[in-house]
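Chemist: Pasting protein-v1.cif below, which is mmCIF, C-alpha atoms (C1' of nucleotides).
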```
data_work
loop_
_atom_site.label_atom_id
_atom_site.label_comp_id
_atom_site.auth_asym_id
_atom_site.auth_seq_id
_atom_site.Cartn_x
_atom_site.Cartn_y
_atom_site.Cartn_z
CA MET A 1454 -31.36 -13.73 -3.06
CA GLU A 1455 -28.53 -14.91 -0.86
CA ALA A 1456 -25.85 -17.10 -2.29
CA PRO A 1457 -25.89 -20.43 -0.47
CA ALA A 1458 -22.21 -20.23 0.44
CA ASN A 1459 -21.42 -21.66 3.84
CA ASP A 1460 -18.84 -19.07 4.68
CA GLY A 1461 -19.40 -19.32 8.41
CA GLY A 1462 -19.14 -15.58 8.69
CA ALA A 1463 -15.56 -15.49 7.39
CA SER A 1464 -15.05 -12.34 5.38
CA ILE A 1465 -13.00 -12.40 2.20
CA SER A 1466 -9.79 -10.44 2.04
CA THR A 1467 -8.78 -8.32 -0.90
CA LEU A 1468 -6.35 -11.01 -1.89
CA GLY A 1469 -9.25 -13.45 -1.96
CA TYR A 1470 -11.02 -11.26 -4.52
CA ALA A 1471 -7.85 -10.99 -6.54
CA LEU A 1472 -7.70 -14.77 -6.76
CA LEU A 1473 -11.41 -15.02 -7.53
CA GLY A 1474 -10.91 -12.37 -10.20
CA VAL A 1475 -8.44 -14.61 -11.96
CA LEU A 1476 -10.43 -17.79 -11.43
CA ALA A 1477 -13.60 -16.15 -12.75
CA ARG A 1478 -11.84 -16.15 -16.13
CA GLY A 1479 -11.26 -19.87 -16.00
CA PRO A 1480 -9.68 -22.61 -13.90
CA ARG A 1481 -6.01 -22.21 -13.00
CA SER A 1482 -3.45 -24.42 -11.33
CA ALA A 1483 -1.83 -23.16 -8.15
CA PRO A 1484 1.44 -22.39 -9.95
CA GLU A 1485 -0.51 -20.47 -12.57
CA LEU A 1486 -2.17 -18.40 -9.86
CA VAL A 1487 1.20 -17.75 -8.25
CA ALA A 1488 2.54 -16.62 -11.62
CA ALA A 1489 -0.52 -14.48 -12.29
CA LEU A 1490 -0.09 -12.59 -9.04
CA ALA A 1491 3.65 -12.16 -9.42
CA ASN A 1492 2.90 -9.54 -12.05
CA PRO A 1493 0.00 -7.59 -10.62
CA VAL A 1494 -3.52 -8.77 -11.48
CA GLY A 1495 -5.24 -6.06 -13.46
CA PHE A 1496 -1.91 -4.25 -13.18
CA PHE A 1497 -2.70 -3.16 -9.64
CA TRP A 1498 -2.55 -6.09 -7.20
CA ASN A 1499 0.19 -8.59 -6.52
CA ALA A 1500 1.01 -11.25 -3.93
CA LEU A 1501 3.56 -13.94 -3.13
CA HIS A 1502 2.98 -17.67 -2.95
CA THR A 1503 3.34 -17.58 0.84
CA GLN A 1504 0.14 -15.57 0.97
CA ILE A 1505 -1.63 -17.32 -1.88
CA TYR A 1506 -1.53 -20.91 -0.65
CA PRO A 1507 -3.19 -20.22 2.71
CA GLU A 1508 -5.73 -17.93 1.07
CA LEU A 1509 -6.76 -20.65 -1.37
CA VAL A 1510 -7.42 -22.93 1.59
CA ARG A 1511 -9.62 -20.26 3.18
CA LEU A 1512 -11.52 -19.67 -0.06
CA GLU A 1513 -12.14 -23.37 -0.43
CA ARG A 1514 -13.37 -23.69 3.15
CA ALA A 1515 -15.75 -20.81 2.42
CA GLY A 1516 -17.10 -22.70 -0.58
CA LEU A 1517 -15.94 -20.09 -3.10
CA VAL A 1518 -13.45 -22.25 -4.97
CA THR A 1519 -12.88 -25.94 -5.46
CA HIS A 1520 -9.87 -27.87 -6.60
CA GLU A 1521 -9.11 -31.09 -8.35
CA LEU A 1522 -5.81 -32.88 -8.68
CA LEU A 1523 -4.09 -32.86 -12.04
CA ALA A 1524 -1.50 -35.48 -12.85
CA PRO A 1525 0.32 -34.32 -15.96
CA ARG A 1526 2.23 -37.23 -17.37
CA GLY A 1527 5.65 -37.68 -15.91
CA ARG A 1528 5.27 -34.69 -13.60
CA ARG A 1529 4.17 -34.15 -10.08
CA SER A 1530 0.46 -33.61 -9.57
CA THR A 1531 -0.69 -30.05 -9.01
CA LYS A 1532 -3.98 -28.61 -7.87
CA ARG A 1533 -6.30 -27.03 -10.39
CA TYR A 1534 -8.63 -24.46 -8.87
CA ALA A 1535 -11.95 -23.19 -10.15
CA ALA A 1536 -14.41 -20.61 -8.84
CA THR A 1537 -17.77 -21.96 -7.69
CA GLU A 1538 -21.08 -20.29 -8.47
CA ALA A 1539 -20.99 -18.81 -4.97
CA GLY A 1540 -17.50 -17.54 -5.67
CA ARG A 1541 -18.55 -15.78 -8.85
CA ALA A 1542 -21.58 -14.32 -7.09
CA ALA A 1543 -19.45 -13.01 -4.22
CA LEU A 1544 -17.00 -11.51 -6.67
CA ALA A 1545 -19.70 -9.82 -8.73
CA ALA A 1546 -21.28 -8.33 -5.59
CA TRP A 1547 -17.94 -7.09 -4.33
CA ALA A 1548 -16.93 -5.65 -7.70
CA SER A 1549 -19.79 -3.18 -7.86
CA ALA A 1550 -19.99 -2.32 -4.15
CA PRO A 1551 -18.72 1.16 -3.25
CA VAL A 1552 -15.20 1.54 -1.84
CA PRO A 1553 -13.42 4.29 0.00
CA MET A 1554 -10.58 5.84 -1.97
CA ASP A 1555 -7.36 3.89 -1.99
CA PRO A 1556 -4.64 5.36 0.19
CA ASP A 1557 -2.03 6.91 -2.08
CA ARG A 1558 1.22 5.74 -0.57
CA SER A 1559 4.56 6.03 -2.23
CA ARG A 1560 7.93 5.71 -0.55
CA PHE A 1561 9.47 7.37 -3.53
CA MET A 1562 7.30 10.47 -3.28
CA LEU A 1563 8.09 10.61 0.42
CA LYS A 1564 11.76 10.75 -0.51
CA VAL A 1565 11.12 13.55 -2.95
CA TYR A 1566 9.50 15.47 -0.13
CA SER A 1567 12.89 15.45 1.65
CA LEU A 1568 15.05 15.67 -1.45
CA TRP A 1569 15.80 19.33 -0.83
CA LEU A 1570 18.31 18.04 1.76
CA ALA A 1571 20.28 16.02 -0.80
CA GLU A 1572 23.07 17.08 -3.13
CA PRO A 1573 21.39 18.13 -6.40
CA PRO A 1574 23.47 15.73 -8.56
CA ALA A 1575 22.52 12.81 -6.32
CA ALA A 1576 18.89 13.86 -6.43
CA ALA A 1577 18.97 14.16 -10.21
CA HIS A 1578 20.48 10.70 -10.49
CA LEU A 1579 17.79 9.22 -8.25
CA LEU A 1580 15.08 10.79 -10.38
CA ARG A 1581 16.61 9.66 -13.67
CA GLU A 1582 16.87 6.13 -12.35
CA HIS A 1583 13.24 6.20 -11.32
CA GLU A 1584 12.27 7.64 -14.68
CA ARG A 1585 14.08 4.77 -16.36
CA LEU A 1586 12.25 2.14 -14.30
CA HIS A 1587 8.87 3.63 -15.08
CA ALA A 1588 9.69 4.17 -18.73
CA GLU A 1589 10.57 0.48 -18.95
CA ARG A 1590 7.30 -0.52 -17.41
CA LEU A 1591 5.46 1.87 -19.70
CA ALA A 1592 7.09 0.25 -22.71
CA THR A 1593 5.99 -3.17 -21.46
CA TYR A 1594 2.44 -1.97 -20.99
CA GLU A 1595 2.36 -0.37 -24.40
CA ALA A 1596 3.49 -3.61 -25.98
CA ILE A 1597 0.68 -5.42 -24.21
CA GLU A 1598 -1.76 -2.79 -25.38
CA ALA A 1599 -0.68 -3.19 -28.99
CA GLU A 1600 -1.26 -6.90 -28.68
CA MET A 1601 -4.66 -6.40 -27.04
CA ARG A 1602 -5.76 -3.96 -29.72
CA ARG A 1603 -4.66 -6.33 -32.42
CA SER A 1604 -6.78 -9.05 -30.88
CA GLY A 1605 -9.78 -6.75 -30.58
CA ALA A 1606 -10.00 -6.58 -26.78
CA ALA A 1607 -10.57 -2.83 -26.93
CA GLU A 1608 -13.76 -3.24 -28.92
CA GLU A 1609 -15.29 -6.02 -26.90
CA PRO A 1610 -18.38 -5.30 -24.78
CA VAL A 1611 -18.02 -4.12 -21.19
CA THR A 1612 -19.29 -7.51 -20.05
CA SER A 1613 -16.21 -9.19 -21.46
CA PRO A 1614 -13.28 -10.07 -19.21
CA ARG A 1615 -10.86 -9.10 -21.94
CA PHE A 1616 -12.27 -5.61 -22.08
CA ALA A 1617 -11.89 -5.33 -18.30
CA ALA A 1618 -8.22 -6.24 -18.59
CA TYR A 1619 -7.85 -3.69 -21.36
CA ALA A 1620 -9.50 -1.02 -19.19
CA THR A 1621 -7.11 -1.60 -16.29
CA LEU A 1622 -4.20 -1.58 -18.72
CA ARG A 1623 -5.29 1.82 -20.01
CA ARG A 1624 -5.11 3.13 -16.48
CA GLY A 1625 -1.68 1.60 -16.03
CA ILE A 1626 -0.45 3.30 -19.18
CA GLY A 1627 -1.84 6.69 -18.21
CA TYR A 1628 -0.33 6.34 -14.77
CA GLU A 1629 3.14 5.44 -16.04
CA ARG A 1630 3.11 8.09 -18.75
CA GLU A 1631 2.33 10.79 -16.24
CA TYR A 1632 4.91 9.44 -13.82
CA VAL A 1633 7.67 9.42 -16.42
CA ALA A 1634 6.86 12.96 -17.53
CA TRP A 1635 6.93 14.17 -13.96
CA CYS A 1636 10.27 12.47 -13.20
CA ARG A 1637 11.74 14.10 -16.29
CA TRP A 1638 10.46 17.53 -15.30
CA LEU A 1639 11.88 17.32 -11.80
CA ALA A 1640 15.18 15.74 -12.88
CA GLU A 1641 15.70 18.67 -15.22
CA ARG A 1642 15.21 21.11 -12.37
CA PHE A 1643 17.82 19.34 -10.27
CA GLU A 1644 20.21 19.05 -13.21
CA ALA A 1645 19.91 22.74 -13.91
CA ALA A 1646 20.76 23.44 -10.28
CA ALA A 1647 23.70 21.06 -10.36
CA GLY A 1648 25.24 21.81 -13.72
CA GLY A 1649 24.07 25.37 -14.40
CA MET E 100 31.95 10.86 8.36
CA GLU E 101 29.53 8.82 10.46
CA ALA E 102 26.78 10.55 12.32
CA PRO E 103 27.26 9.95 16.04
CA ALA E 104 23.76 8.62 16.50
CA ASN E 105 23.53 5.82 19.03
CA ASP E 106 20.88 3.92 17.16
CA GLY E 107 22.00 0.58 18.49
CA GLY E 108 21.44 -0.92 15.07
CA ALA E 109 17.74 -0.13 15.05
CA SER E 110 16.65 0.61 11.49
CA ILE E 111 14.24 3.42 10.77
CA SER E 112 10.87 2.62 9.27
CA THR E 113 9.33 4.55 6.42
CA LEU E 114 7.03 6.20 8.91
CA GLY E 115 10.11 7.36 10.80
CA TYR E 116 11.35 9.13 7.68
CA ALA E 117 7.95 10.65 7.14
CA LEU E 118 8.10 12.15 10.63
CA LEU E 119 11.68 13.28 10.14
CA GLY E 120 10.64 14.81 6.83
CA VAL E 121 8.16 17.02 8.63
CA LEU E 122 10.47 17.79 11.53
CA ALA E 123 13.29 18.74 9.16
CA ARG E 124 11.13 21.73 8.25
CA GLY E 125 10.92 22.85 11.85
CA PRO E 126 9.84 21.70 15.31
CA ARG E 127 6.30 20.39 15.69
CA SER E 128 4.17 19.37 18.64
CA ALA E 129 2.86 15.82 18.72
CA PRO E 130 -0.67 16.94 17.81
CA GLU E 131 0.76 18.91 14.90
CA LEU E 132 2.55 15.82 13.66
CA VAL E 133 -0.63 13.81 14.00
CA ALA E 134 -2.47 16.45 12.01
CA ALA E 135 0.29 16.61 9.40
CA LEU E 136 0.09 12.89 8.77
CA ALA E 137 -3.69 12.76 8.71
CA ASN E 138 -3.49 14.37 5.28
CA PRO E 139 -0.63 12.61 3.56
CA VAL E 140 2.83 14.12 3.94
CA GLY E 141 4.07 15.18 0.52
CA PHE E 142 0.63 14.00 -0.66
CA PHE E 143 1.77 10.38 -0.57
CA TRP E 144 2.18 9.12 2.99
CA ASN E 145 -0.22 9.11 5.91
CA ALA E 146 -0.46 7.55 9.36
CA LEU E 147 -2.65 7.49 12.45
CA HIS E 148 -1.75 8.66 15.93
CA THR E 149 -1.63 5.07 17.15
CA GLN E 150 1.35 4.53 14.91
CA ILE E 151 2.92 7.95 15.39
CA TYR E 152 3.28 8.02 19.17
CA PRO E 153 5.28 4.79 19.45
CA GLU E 154 7.40 5.75 16.44
CA LEU E 155 8.35 9.07 18.05
CA VAL E 156 9.56 7.14 21.09
CA ARG E 157 11.70 4.94 18.85
CA LEU E 158 13.13 7.91 16.98
CA GLU E 159 14.01 9.58 20.23
CA ARG E 160 15.69 6.45 21.57
CA ALA E 161 17.72 6.34 18.34
CA GLY E 162 18.83 9.92 18.92
CA LEU E 163 17.15 11.28 15.79
CA VAL E 164 14.65 13.55 17.48
CA THR E 165 14.34 15.25 20.85
CA HIS E 166 11.39 16.71 22.64
CA GLU E 167 10.70 19.41 25.17
CA LEU E 168 7.55 20.03 27.13
CA LEU E 169 5.45 23.00 26.19
CA ALA E 170 3.01 24.43 28.69
CA PRO E 171 0.75 26.79 26.78
CA ARG E 172 -1.07 28.92 29.30
CA GLY E 173 -4.28 27.40 30.53
CA ARG E 174 -3.79 24.27 28.45
CA ARG E 175 -2.34 20.91 29.04
CA SER E 176 1.32 20.54 28.29
CA THR E 177 2.24 18.91 24.99
CA LYS E 178 5.49 17.63 23.63
CA ARG E 179 7.33 19.66 21.04
CA TYR E 180 9.58 17.55 18.84
CA ALA E 181 12.62 18.59 16.83
CA ALA E 182 14.98 16.69 14.55
CA THR E 183 18.57 16.37 15.79
CA GLU E 184 21.59 16.80 13.53
CA ALA E 185 21.82 13.01 13.36
CA GLY E 186 18.17 12.92 12.37
CA ARG E 187 18.66 15.38 9.52
CA ALA E 188 21.74 13.48 8.37
CA ALA E 189 19.88 10.16 8.38
CA LEU E 190 17.01 11.73 6.45
CA ALA E 191 19.30 13.29 3.85
CA ALA E 192 21.11 9.99 3.32
CA TRP E 193 17.85 8.08 2.99
CA ALA E 194 16.32 10.62 0.62
CA SER E 195 18.91 10.17 -2.09
CA ALA E 196 19.49 6.43 -1.64
CA PRO E 197 18.02 4.28 -4.44
CA VAL E 198 14.70 2.52 -3.89
CA PRO E 199 12.93 -0.29 -5.63
CA MET E 200 9.73 0.76 -7.37
CA ASP E 201 6.72 1.19 -5.16
CA PRO E 202 4.16 -1.57 -5.51
CA ASP E 203 1.18 -0.20 -7.38
CA ARG E 204 -1.74 -1.47 -5.39
CA SER E 205 -5.28 -0.32 -5.80
CA ARG E 206 -8.35 -2.09 -4.50
CA PHE E 207 -10.40 -0.03 -6.89
CA MET E 208 -8.49 -1.16 -9.96
CA LEU E 209 -8.82 -4.71 -8.75
CA LYS E 210 -12.57 -4.22 -8.74
CA VAL E 211 -12.48 -2.87 -12.25
CA TYR E 212 -10.71 -6.04 -13.30
CA SER E 213 -13.83 -7.95 -12.26
CA LEU E 214 -16.37 -5.34 -13.24
CA TRP E 215 -17.37 -7.25 -16.36
CA LEU E 216 -19.41 -9.44 -13.98
CA ALA E 217 -21.50 -6.50 -12.71
CA GLU E 218 -24.62 -4.95 -14.14
CA PRO E 219 -23.46 -2.13 -16.43
CA PRO E 220 -25.57 0.55 -14.66
CA ALA E 221 -24.11 -0.44 -11.29
CA ALA E 222 -20.62 -0.40 -12.77
CA ALA E 223 -21.19 3.03 -14.31
CA HIS E 224 -22.41 4.34 -10.98
CA LEU E 225 -19.37 3.02 -9.17
CA LEU E 226 -17.07 4.69 -11.69
CA ARG E 227 -18.90 8.01 -11.56
CA GLU E 228 -18.70 8.00 -7.79
CA HIS E 229 -14.99 7.32 -7.95
CA GLU E 230 -14.56 10.03 -10.54
CA ARG E 231 -16.31 12.45 -8.21
CA LEU E 232 -14.03 11.60 -5.28
CA HIS E 233 -10.90 12.09 -7.35
CA ALA E 234 -12.22 15.25 -8.97
CA GLU E 235 -12.79 16.65 -5.50
CA ARG E 236 -9.27 15.84 -4.45
CA LEU E 237 -7.95 17.31 -7.67
CA ALA E 238 -9.80 20.53 -6.96
CA THR E 239 -8.28 20.66 -3.49
CA TYR E 240 -4.80 20.10 -4.90
CA GLU E 241 -5.28 22.76 -7.55
CA ALA E 242 -6.32 25.25 -4.91
CA ILE E 243 -3.17 24.47 -2.95
CA GLU E 244 -1.12 24.85 -6.11
CA ALA E 245 -2.61 28.27 -6.82
CA GLU E 246 -1.67 29.32 -3.32
CA MET E 247 1.85 27.91 -3.67
CA ARG E 248 2.39 29.65 -6.98
CA ARG E 249 1.16 32.90 -5.55
CA SER E 250 3.68 32.60 -2.73
CA GLY E 251 6.51 31.80 -5.14
CA ALA E 252 7.17 28.19 -4.05
CA ALA E 253 7.39 27.08 -7.69
CA GLU E 254 10.35 29.36 -8.35
CA GLU E 255 12.35 28.56 -5.26
CA PRO E 256 15.59 26.59 -5.63
CA VAL E 257 15.59 22.80 -5.47
CA THR E 258 17.27 23.03 -2.07
CA SER E 259 14.21 24.68 -0.58
CA PRO E 260 11.65 22.62 1.36
CA ARG E 261 8.84 24.62 -0.18
CA PHE E 262 9.93 23.68 -3.65
CA ALA E 263 10.00 20.01 -2.60
CA ALA E 264 6.41 20.28 -1.40
CA TYR E 265 5.48 21.93 -4.68
CA ALA E 266 7.15 19.13 -6.62
CA THR E 267 5.19 16.42 -4.83
CA LEU E 268 2.02 18.43 -5.31
CA ARG E 269 2.65 18.54 -9.06
CA ARG E 270 2.79 14.79 -9.07
CA GLY E 271 -0.43 14.60 -7.06
CA ILE E 272 -2.17 16.84 -9.56
CA GLY E 273 -0.96 14.89 -12.57
CA TYR E 274 -2.01 11.66 -10.90
CA GLU E 275 -5.51 12.85 -10.07
CA ARG E 276 -6.05 14.46 -13.46
CA GLU E 277 -5.20 11.26 -15.24
CA TYR E 278 -7.34 9.24 -12.84
CA VAL E 279 -10.38 11.44 -13.36
CA ALA E 280 -10.03 11.31 -17.14
CA TRP E 281 -9.76 7.56 -17.07
CA CYS E 282 -12.83 7.15 -14.80
CA ARG E 283 -14.79 9.33 -17.19
CA TRP E 284 -13.70 7.33 -20.22
CA LEU E 285 -14.66 4.01 -18.66
CA ALA E 286 -17.91 5.29 -17.14
CA GLU E 287 -18.98 6.40 -20.60
CA ARG E 288 -18.35 2.96 -21.99
CA PHE E 289 -20.54 1.38 -19.30
CA GLU E 290 -23.22 4.02 -19.72
CA ALA E 291 -23.33 3.42 -23.45
CA ALA E 292 -23.77 -0.29 -22.78
CA ALA E 293 -26.49 0.37 -20.22
CA GLY E 294 -28.49 3.12 -21.85
CA GLY E 295 -27.75 2.60 -25.55
"C1'" DT N 100 24.06 -40.61 -7.77
"C1'" DC N 101 24.02 -35.88 -6.60
"C1'" DC N 102 22.23 -31.61 -7.16
"C1'" DC N 103 18.94 -28.37 -8.63
"C1'" DT N 104 14.46 -26.76 -9.25
"C1'" DC N 105 9.56 -26.99 -8.47
"C1'" DA N 106 5.24 -27.24 -5.78
"C1'" DT N 107 3.86 -26.62 -1.53
"C1'" DG N 108 3.84 -25.18 2.48
"C1'" DT N 109 4.99 -23.00 7.86
"C1'" DA N 110 6.77 -19.42 11.05
"C1'" DA N 111 8.30 -15.20 12.44
"C1'" DA N 112 8.59 -10.39 11.87
"C1'" DA N 113 7.16 -5.97 10.18
"C1'" DG N 114 3.75 -2.61 8.97
"C1'" DG N 115 -0.81 -0.76 9.55
"C1'" DT N 116 -5.81 -0.45 11.25
"C1'" DT N 117 -9.37 -0.89 14.69
"C1'" DA N 118 -10.81 -0.98 19.29
"C1'" DC N 119 -10.21 0.31 23.83
"C1'" DA N 120 -8.48 3.26 27.83
"C1'" DT N 121 -7.60 7.41 30.69
"C1'" DG N 122 -6.82 11.70 32.84
"C1'" DA N 123 -7.25 16.62 31.77
"C1'" DT N 124 -9.67 20.42 30.04
"C1'" DT N 125 -13.18 22.80 27.93
"C1'" DT N 126 -18.02 23.62 26.83
"C1'" DA N 127 -23.02 23.36 27.61
"C1'" DT L 932 -21.76 19.92 37.15
"C1'" DA L 933 -22.30 16.84 33.20
"C1'" DA L 934 -20.82 15.94 28.72
"C1'" DA L 935 -17.81 16.33 25.05
"C1'" DT L 936 -13.09 16.74 23.42
"C1'" DC L 937 -8.16 16.43 23.54
"C1'" DA L 938 -3.54 14.38 24.21
"C1'" DT L 939 -1.72 10.30 24.88
"C1'" DG L 940 -1.30 6.06 24.84
"C1'" DT L 941 -2.03 0.22 24.75
"C1'" DA L 942 -3.74 -4.10 22.78
"C1'" DA L 943 -5.51 -7.02 19.43
"C1'" DC L 944 -5.93 -7.99 14.92
"C1'" DC L 945 -5.11 -8.19 9.95
"C1'" DT L 946 -2.06 -7.98 6.00
"C1'" DT L 947 2.27 -8.52 3.81
"C1'" DT L 948 7.19 -9.71 3.64
"C1'" DT L 949 11.13 -12.52 4.85
"C1'" DA L 950 13.09 -16.65 6.25
"C1'" DC L 951 12.93 -21.42 6.60
"C1'" DA L 952 11.43 -26.33 5.32
"C1'" DT L 953 10.57 -30.50 2.52
"C1'" DG L 954 9.60 -34.15 -0.63
"C1'" DA L 955 9.34 -35.17 -5.75
"C1'" DG L 956 11.38 -35.04 -10.35
"C1'" DG L 957 14.63 -34.06 -13.72
"C1'" DG L 958 19.24 -33.25 -15.32
"C1'" DA L 959 24.50 -33.66 -15.08
#
```
Output the file's structure as C-alpha cells, nothing else.
Modeler:
Amino acid sequence: MEAPANDGGASISTLGYALLGVLARGPRSAPELVAALANPVGFFWNALHTQIYPELVRLERAGLVTHELLAPRGRRSTKRYAATEAGRAALAAWASAPVPMDPDRSRFMLKVYSLWLAEPPAAAHLLREHERLHAERLATYEAIEAEMRRSGAAEEPVTSPRFAAYATLRRGIGYEREYVAWCRWLAERFEAAAGG
Amino acid sequence: MEAPANDGGASISTLGYALLGVLARGPRSAPELVAALANPVGFFWNALHTQIYPELVRLERAGLVTHELLAPRGRRSTKRYAATEAGRAALAAWASAPVPMDPDRSRFMLKVYSLWLAEPPAAAHLLREHERLHAERLATYEAIEAEMRRSGAAEEPVTSPRFAAYATLRRGIGYEREYVAWCRWLAERFEAAAGG
DNA sequence: TCCCTCATGTAAAAGGTTACATGATTTA
DNA sequence: TAAATCATGTAACCTTTTACATGAGGGA
C-alpha cells in the first residue's frame, strides 16, 4: 500500500509536515503559508519565509504539493499551493507514527537556574516581565478559544481539522496558565526577599 | 565596573551559560559536566559531549573558566573545570537580563494538529503512549521534589542555588502534570470515537 | 517620478545531532 | 590477552536565524 510518490529517497523535515498540515486543510498561497507559520501552526511550530520558500520547492519535487499561478487583478501573481494525494498520505502516516519526547528547552528556565546570583529586585522584575508576556499570550489564546467554542469546533468529531486545532489550543492554554501561575509564585518569593 | 575578562568580543552561547550555571555551583570534571547536561540542567537545557568539549575550550579562551588536571589514582587524568570570577559575573549579568519569549516548539503538538487524518485507534494509541512517557517523567520529578523538600531546599533563601534548582523543578512538575492531563483528555476523545 | 512595500528568493552564520576516531584502562 | 568502556575529541550534516538582494506595484 505504498503511496506512489516519487520522493527519490528524500526524507521530509518537520517543517515540511508543518506546511503539509496547513495545506491539508485547503490550498494556500505562499504569502498565506508564510503568515500561517509566523504565528505557530497548531500553536507549537513556527518558521520564517527564508525557510519556507526552499522547503516548498523540496516538497514539490517530492510530489507532495503542487502549485498554480494566481493572477489577482491588478496585483502581482502569486503561487497557490495544494497538497497532493501523496502529500496527504505522507502526512497521515507521519501524524500517527510514534515520536520520541520533545526536548524541553527553555532559555528562560536556564536563567532561572542561575537567578540565585542576581539581585532579588532584578530577578523579581525579570519574572514579572515574563509573567506579563505569558499572560498576554494566554489572553489571546482564550479569546481564540471563545471564538472556537462559539463556532462549535469543540464539539466536532475527532476526524475534523477544526477539532484538531481546538485540541492544540487547549494544550496551549493549559501550558500558558501553568506558566503564568509559576512566574507569579516565584516572583512573589523574590519580592518578599527584596522588600521584606 | 567591567569584569576584566579578555573575551576578545566573543559572545557566549546559551550552552556556555548552561555550563557556567553548573560550574557556578562548584568545580566539575568534564565527565561530570557531560553527565549533568545529559539530563537537562535546571530541567530545561541539555547537550551532548560533542558540543560540550568545544564549548569548554571557548569558555576557557574567554577567561570564564579554568581547568586543572586531576590524576585519580589508577585512573586516567581528567580535567576539572571551575568558573572564574569573570565567569560568575558574566553569568549573573546574563541571568537577570531580559529575554524574548522562548519559541514553543513541539513536534508532538504538530502531529496532533494533523491527527484528524489518522485512524482514531492509532491516534488514541499515540496519545496514550505519550501520556505514559510524560507520566513517567512526572513521577521522576516528584521523587526529586520529595527529596528536595526533605532536605529543606524549598525553604532556602532565593539567593541559594538549591532553591533555584527547586524553583525550576516546580516548573517542570507543573508542566508535566498539565501535559499528562491534556493527553488523557484527548486520548479519551479519540477512544470514544473509536470504540463508541 | 520617487519611494515604499510585497513576494520571492539567496547566502552566510549559528546551533545542534549523528557519525566517526583514538588512545587508555578496565573487565572477561 | 581480547573485548568492552571511557575520556576526549573531529567532521559532516541538518535545521534555524540573520543578513542581503531584487523586481513589481502602489502611493505620495
Chemist: If we count only C-alpha atoms (C1' of nucleotides), which residues of chain L reach to within 10 Å of chain E? Please list them as a ChimeraX atom specification.
Modeler: /L:937-941
Chemist: Compile the residues of chain N that lie within 10 Å of chain E, evaluated using only C-alpha atoms (C1' of nucleotides), and express the compilation as a ChimeraX atom specification.
Modeler: /N:113-116,123-125
Chemist: Report as an NGL selection string the set of chain E residues whose atoms approach chain A to within 7 Å, with distances computed over all atoms listed in the file.
Modeler: :E and (117 or 120 or 141 or 143-144 or 191 or 194-195 or 197 or 201 or 203-217 or 221-222 or 225 or 257-260 or 263-264 or 267 or 270 or 273-274 or 277 or 281 or 289)
Chemist: For CA of Leu1486 in chain A and CA of Ile1465 in chain A, quote the distance in Å rounded to one decimal.
Modeler: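 One can read the CA of Leu1486 in chain A to CA of Ile1465 in chain A distance as 17.3 Å.
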Chemist: If you measure from CA of Thr183 in chain E to CA of Ile151 in chain E, what distance in Å do you get, rounded to one decimal?
Modeler: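 Result for CA of Thr183 in chain E versus CA of Ile151 in chain E: 17.8 Å, one decimal.
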Chemist: To one decimal in Å, tell me the separation between CA of Glu1538 in chain A and CA of Leu1517 in chain A.
Modeler: 7.4 Å
Chemist: What lies within 10 Å of DA111 in chain N using only C-alpha atoms (C1' of nucleotides), ignoring chain neighbours under 6 positions off, as number ranges by chain?
Modeler: L: 949-951
